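Participant: Here it is: the structure, laid out below.
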Amino acid sequence: MSEKTIAEMKIAHRVVATHHYEPAPVEKGYANRTLHVNVGTREIKEKPVTNEMKEKFTGGRGFGLWLLWHAVKDTTRWNSDENEIVISPGPLSGITQYPGSGKSLVVAISPVTDQVIDSNVGGYFGPYLKFSGFDALEIQGKADQDVIIVIDGQTGLVTIETAPDEPADTHRLAEVLTHMYAVDEKDMRNVSVVSAGSGADHTLIGCLNFSLWDVRRKGVRVKQAGRGGIGSVLRNKHVKAVVVHAPQVRGDDNHPGDLQEIQATGRKLHREVFQNDSSMERMRMRGTPHLVEVMDAFDLLPVNNFQFGRHDDTKHIASDVWVKWFHQGIPDGCWYGCTLACAKTVEDFALSSGPYRGEAVRVDGPEYETVAGVGSNCGIFDARYILEVNFYCDTYGIDTISWGTLTAFAMECYERGIITKEHTGGLELTFGNIPAALELLHQAARGEGFGRIAGMGVHKMKEHFAAHYGADIAFLNDIGMENKGLEYSQYVSKESLAQQGGYALTNKGPQHDEAWLIFMDMVNKQIPSFEDKAEALYYFPLWRTWFGLNGLCKLPWNDVEPVDNKKKHPPKEAAKVPEHVDNYVRLFNSMTGRSITKEEVILQSKRAYDFQRIFNIRLGKGLRRFDAQPYRAAGPVSVEEYESRADRYDEQLRTEVGLTIDGMSTAEKVAALRKYREARYERLMDAVYERRGWTKNAVPRLETVQMLGIDYPEVVEVVQRHL
Amino acid sequence: MKYVKPHPEKCGFVQACMRACARKTQKSDDLSLSSIVVTQADGGTIDINVCNQCGTCIDICPVTAITRTKSGAVVVNKSLCVGCYSCVEYCPTGSMRTHASRLAPFKCIACGACVEACPAGALELAEGEFEASYLECEQAGEPGATFSKSYF
């Protein structure tokens, strides 16, 4: 990288707003103030963190929801001036001793769901923001030209600067800004950048990249806040990037109540990873793609837009393939001290298409979701293609999960003749067509051709196909894998009713952050009744929400376990990994000096979770009808899908539905199965809402809101409109 | 490279080595600040635990705070250390030390103070090679080995 070039870019900056502050130490996990930056009015201000905020909303996603609630109106949409991106690390974020403790939580009103989205991301930004003095950053307003926000925790200075000459795409932009704001080579590790890319300018599924400086590879790496189009919100605000320049990290920057207890708890898990990972999930070598062949074996790997669950060619994208591609032997945590180290990279990957064709680049990933989403779900079983798309999605600032699911949807529409070459501008979007799929991505990033339509996401594509191409909207609703406007993540949920709820009875839409119940439900049959499923859909989404309140990663919870976990506890309890739950309670108490129990953990989550539901209702969403799922998520839509698993479906019709199926056509059987499965989903909704203390219309009851202590007048007012 | 080679069968369990280490490396008389640790089991068996300079901790450290000096000793740079303790639990011999008064872990730097202090000749400053073994199993395969089609 040329120093002169960076110097020239820096000279072109014009500082348009400045705010000096006194960096103060973090106490017991909290900086006790937040930073508000309005890039439109150029106002920068600090706000105190109140005890009420800590007690009711904990931190992280909870703080994000609280700040966003007060920033927006009922009518606010993703591109409104007052919409915000709130980034908040949480009180446990920045712990260096316990694996997976460096996450940032991002919330905003989403361009694809028109309601609140939240996303959990690694990289150094969140902890650095806190160690620079702030528990959250609110970005509001719209700049009149491209700007960057710079938070310098070493000097106590926040600026908004025009940034006209920096490249837009992350792999270049984050590298440039890291060099620009580090004092010297040794200081590079203290800089983290949040950015999107040119693809976020032209699509609604933009992601945010959170950077970290890799001291061994001497380059920038990025992790993604992928879901729900927050990158598109950033670019709509004309914010090119946010830079934090933090003091050198030490092991006690959170000034916890009891550092030694945190150290001891962390050491215990390091030892567990050391002893068990190589015989359990092998996260350190394989990262999350270890799931590929497992999902295939259980008929859960999405193939051809979730029509099927396995494929003979899965071996070409299975974990042993990725083990060879991945750069091994480096501690690849996305925050300091994560020995689970699953953030793998591929080095010196030669790009074969697009604007950076011929460059040898670092690919961060792929994760399982990317392999399945842009790979098998699009009928593509080619590692090299997956790496190419992984790289471009990241640098363009496009969410790989949504990109995979929407490409698969477009391909199925093409194969069924719903869209043709005339609509796609000549792209032959058949399953497995790699050149066409790559061109679609580059078009989307440029905002051109059919790529521009695809980049709006599945929900808006459906509307567009129906309005302009004469497509049957009912059929598109069956096969378009979105709920609430968010594309599904990459598990086939047809045979697990609980997972259908785990996907669609969510606050933000179908993702794997809230609940992953397929094995408990379908494979291990641990939650057979509606009440069992409802209990699982009460506990697990709340448990997982807690990671987001505190700035934690979910993976060290159950992607490594104590060796005796399954022997020591009955199966349903073992699924909670009780010893690890104890670890987290201990971490929270040691950090904050409070003394909560594991039951209080669930209550902390429920406050934020129900508040988010009410927030969605306030924005005109959040009710039962928005929890409906596409039938593809619940059962076979088409005759060929049915026939691919005819034995399974016939058996269910005979034994569970009690039908005599002799003489029935496949189409009749598809309809009978659908009637049965849709009725079961409705019953599940009733059971889950009841367990959650909500009405049948998915509105938290007044007594639930009061019990949680979130019965603020403006919250009660929203609830009462629907009681 | 130099490392401290223990001969526990000669040890008289006077812990002179620990005193010397704490004094030389930590300027303290607190034996729990010694990098060499001598223990005696109930049956009288003596164990001497000290780093063999194998360097596994160098590979495991996320911030390159642990390096090997020209003489071969493995040392911790306290100013770079983020106190994550990965190295402590990944040490194959359990020889990385911690103490409540220290944020960064510490370890034997093969200075020889303990060897000089031992009245029984139970310690020797030896020459030898120990290879980091744990991470080798993670280094299988070369990136970019195979892919299925050539369509670009």
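Ligands are numbered from 1 in the order shown, chains are lettered A, B, ... in the order of the structure tokens, and residues start at 1 in each chain.
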Please report, as a count of residues only, each residue of chain B to which DSSP assigns alpha helix (DSSP H) when run on this structure's backbone.
Facilitator: 26
Participant: Return the neighbours of chain B among the residues of chain A, cut-off 7 Å, counting only C-alpha atoms, as a PyMOL selection string.
Facilitator: chain A and resi 96-97+215+249-251+260+267+270-271+274+285+323-331+336-337+339+352+382-384
Participant: Show me, as a ChimeraX atom specification, the residues that have an atom within 6 Å of stretch 368-378 of chain A when counting only C-alpha atoms, minus same-chain residues fewer than 6 positions from it.
Facilitator: /A:288-289,302-305,400-401,404-405,408,431,490
Participant: Would you save the residues from that selection as a compact mmCIF listing (two decimals), in the first residue's frame, using all heavy atoms?
Facilitator:
# COMPACT_ATOMS: atom_id res chain seq x y z
N THR A 288 -17.12 -23.10 11.07
CA THR A 288 -18.50 -23.58 11.02
C THR A 288 -18.83 -24.51 9.84
O THR A 288 -19.83 -25.22 9.91
CB THR A 288 -19.50 -22.39 11.04
OG1 THR A 288 -19.16 -21.50 9.98
CG2 THR A 288 -19.45 -21.66 12.37
N PRO A 289 -18.03 -24.55 8.77
CA PRO A 289 -18.39 -25.51 7.70
C PRO A 289 -18.36 -26.98 8.13
O PRO A 289 -18.70 -27.86 7.35
CB PRO A 289 -17.33 -25.24 6.62
CG PRO A 289 -16.93 -23.84 6.83
CD PRO A 289 -16.96 -23.63 8.32
N PRO A 302 -29.92 -27.20 2.57
CA PRO A 302 -30.81 -26.71 1.51
C PRO A 302 -30.20 -26.89 0.12
O PRO A 302 -29.05 -26.53 -0.11
CB PRO A 302 -30.98 -25.22 1.85
CG PRO A 302 -29.77 -24.86 2.65
CD PRO A 302 -29.40 -26.10 3.40
N VAL A 303 -30.99 -27.48 -0.75
CA VAL A 303 -30.56 -27.71 -2.13
C VAL A 303 -31.65 -27.18 -3.05
O VAL A 303 -32.83 -27.45 -2.83
CB VAL A 303 -30.30 -29.22 -2.38
CG1 VAL A 303 -30.05 -29.48 -3.86
CG2 VAL A 303 -29.14 -29.73 -1.54
N ASN A 304 -31.24 -26.40 -4.05
CA ASN A 304 -32.17 -25.86 -5.05
C ASN A 304 -33.35 -25.13 -4.40
O ASN A 304 -34.50 -25.56 -4.52
CB ASN A 304 -32.65 -26.96 -6.01
CG ASN A 304 -31.51 -27.49 -6.87
OD1 ASN A 304 -30.34 -27.10 -6.69
ND2 ASN A 304 -31.82 -28.38 -7.78
N ASN A 305 -33.06 -24.08 -3.71
CA ASN A 305 -34.07 -23.25 -3.05
C ASN A 305 -34.89 -24.05 -2.04
O ASN A 305 -36.12 -23.98 -2.03
CB ASN A 305 -34.98 -22.56 -4.07
CG ASN A 305 -35.79 -21.44 -3.42
OD1 ASN A 305 -35.33 -20.81 -2.45
ND2 ASN A 305 -36.99 -21.20 -3.92
N THR A 400 -24.21 -12.50 2.64
CA THR A 400 -24.13 -13.76 1.87
C THR A 400 -25.37 -14.64 2.07
O THR A 400 -25.76 -15.37 1.16
CB THR A 400 -22.90 -14.61 2.28
OG1 THR A 400 -22.96 -14.88 3.68
CG2 THR A 400 -21.60 -13.92 1.94
N ILE A 401 -25.98 -14.58 3.25
CA ILE A 401 -27.13 -15.45 3.52
C ILE A 401 -28.32 -15.02 2.66
O ILE A 401 -28.92 -15.83 1.95
CB ILE A 401 -27.50 -15.43 5.02
CG1 ILE A 401 -26.34 -15.96 5.86
CG2 ILE A 401 -28.77 -16.26 5.26
CD1 ILE A 401 -26.58 -15.93 7.37
N GLY A 404 -27.57 -15.72 -1.03
CA GLY A 404 -27.75 -17.11 -1.39
C GLY A 404 -29.22 -17.47 -1.56
O GLY A 404 -29.63 -18.05 -2.57
N THR A 405 -30.02 -17.08 -0.59
CA THR A 405 -31.44 -17.45 -0.62
C THR A 405 -32.17 -16.76 -1.76
O THR A 405 -33.02 -17.36 -2.41
CB THR A 405 -32.09 -17.12 0.74
OG1 THR A 405 -31.42 -17.88 1.75
CG2 THR A 405 -33.56 -17.46 0.76
N ALA A 408 -31.18 -18.38 -5.10
CA ALA A 408 -31.87 -19.67 -5.23
C ALA A 408 -33.33 -19.46 -5.65
O ALA A 408 -33.85 -20.18 -6.50
CB ALA A 408 -31.81 -20.44 -3.91
N PHE A 431 -30.33 -23.56 -11.90
CA PHE A 431 -29.56 -24.05 -10.76
C PHE A 431 -28.20 -24.55 -11.24
O PHE A 431 -28.12 -25.27 -12.24
CB PHE A 431 -30.31 -25.18 -10.04
CG PHE A 431 -31.48 -24.69 -9.24
CD1 PHE A 431 -32.77 -25.09 -9.55
CD2 PHE A 431 -31.29 -23.82 -8.16
CE1 PHE A 431 -33.86 -24.64 -8.80
CE2 PHE A 431 -32.38 -23.37 -7.41
CZ PHE A 431 -33.66 -23.77 -7.74
N GLN A 490 -29.77 -21.06 6.42
CA GLN A 490 -29.64 -22.24 5.56
C GLN A 490 -29.87 -23.60 6.24
O GLN A 490 -28.98 -24.44 6.29
CB GLN A 490 -28.27 -22.19 4.89
CG GLN A 490 -27.97 -20.85 4.20
CD GLN A 490 -28.96 -20.45 3.12
OE1 GLN A 490 -29.61 -21.32 2.53
NE2 GLN A 490 -29.11 -19.16 2.87
Participant: Within 9 Å of A:Arg674, counting only C-alpha atoms, which residues show up once you throw out same-chain ones fewer than 6 positions away? Write them as a list in words, please.
Facilitator: Tyr631, Ala634, Gly635, Pro636 and Val637 of chain A
Participant: Let's have the selection written as a tab-separated table (two decimals), in the first residue's frame, with N, CA and C atoms.
Facilitator:
chain	number	residue	atom	x	y	z
A	631	TYR	N	-44.85	-21.82	2.70
A	631	TYR	CA	-45.09	-23.26	2.89
A	631	TYR	C	-43.86	-24.10	2.60
A	634	ALA	N	-42.33	-25.48	5.53
A	634	ALA	CA	-43.10	-26.42	6.34
A	634	ALA	C	-43.34	-27.76	5.66
A	635	GLY	N	-43.27	-27.80	4.33
A	635	GLY	CA	-43.56	-29.05	3.64
A	635	GLY	C	-43.33	-28.93	2.16
A	636	PRO	N	-43.58	-30.02	1.43
A	636	PRO	CA	-43.33	-30.02	-0.02
A	636	PRO	C	-44.38	-29.19	-0.77
A	637	VAL	N	-43.90	-28.19	-1.49
A	637	VAL	CA	-44.81	-27.34	-2.27
A	637	VAL	C	-45.21	-28.04	-3.56
Participant: Would you please give, as a VMD selection string, all residues of stretch 316-564 of chain A that DSSP assigns to strand (DSSP E) based on the backbone?
Facilitator: chain A and resid 345 to 350 360 to 364 482 to 483 486 to 487
Participant: Which residues are near A:Cys338? Cut-off 7 Å, only C-alpha atoms, ignore same chain within fewer than 4 positions. Put them as number ranges by chain.
Facilitator: A: 98-100, 333
Participant: Take the residues that were just selected and, keeping N, CA and C atoms, output them as a short mmCIF file (atom, residue, chain, number, x, y, z; two decimals), in the first residue's frame.
Facilitator:
data_model
loop_
_atom_site.label_atom_id
_atom_site.label_comp_id
_atom_site.auth_asym_id
_atom_site.auth_seq_id
_atom_site.Cartn_x
_atom_site.Cartn_y
_atom_site.Cartn_z
N TYR A 98 -12.28 -15.16 28.35
CA TYR A 98 -13.28 -16.18 28.05
C TYR A 98 -13.56 -16.19 26.55
N PRO A 99 -13.42 -17.32 25.88
CA PRO A 99 -13.63 -17.37 24.43
C PRO A 99 -14.98 -16.77 24.00
N GLY A 100 -14.94 -16.03 22.90
CA GLY A 100 -16.18 -15.51 22.32
C GLY A 100 -16.75 -14.32 23.04
N GLY A 333 -9.17 -16.19 16.18
CA GLY A 333 -10.34 -15.65 16.88
C GLY A 333 -10.75 -14.32 16.27
#
Participant: Residues within 7 Å of stretch 109-114 of chain B, please, as number ranges by chain. Count only C-alpha atoms; anything in the same chain fewer than 2 positions from it doesn't count.
Facilitator: B: 2-4, 17-18, 20-21, 73-75, 107, 116-118, 125
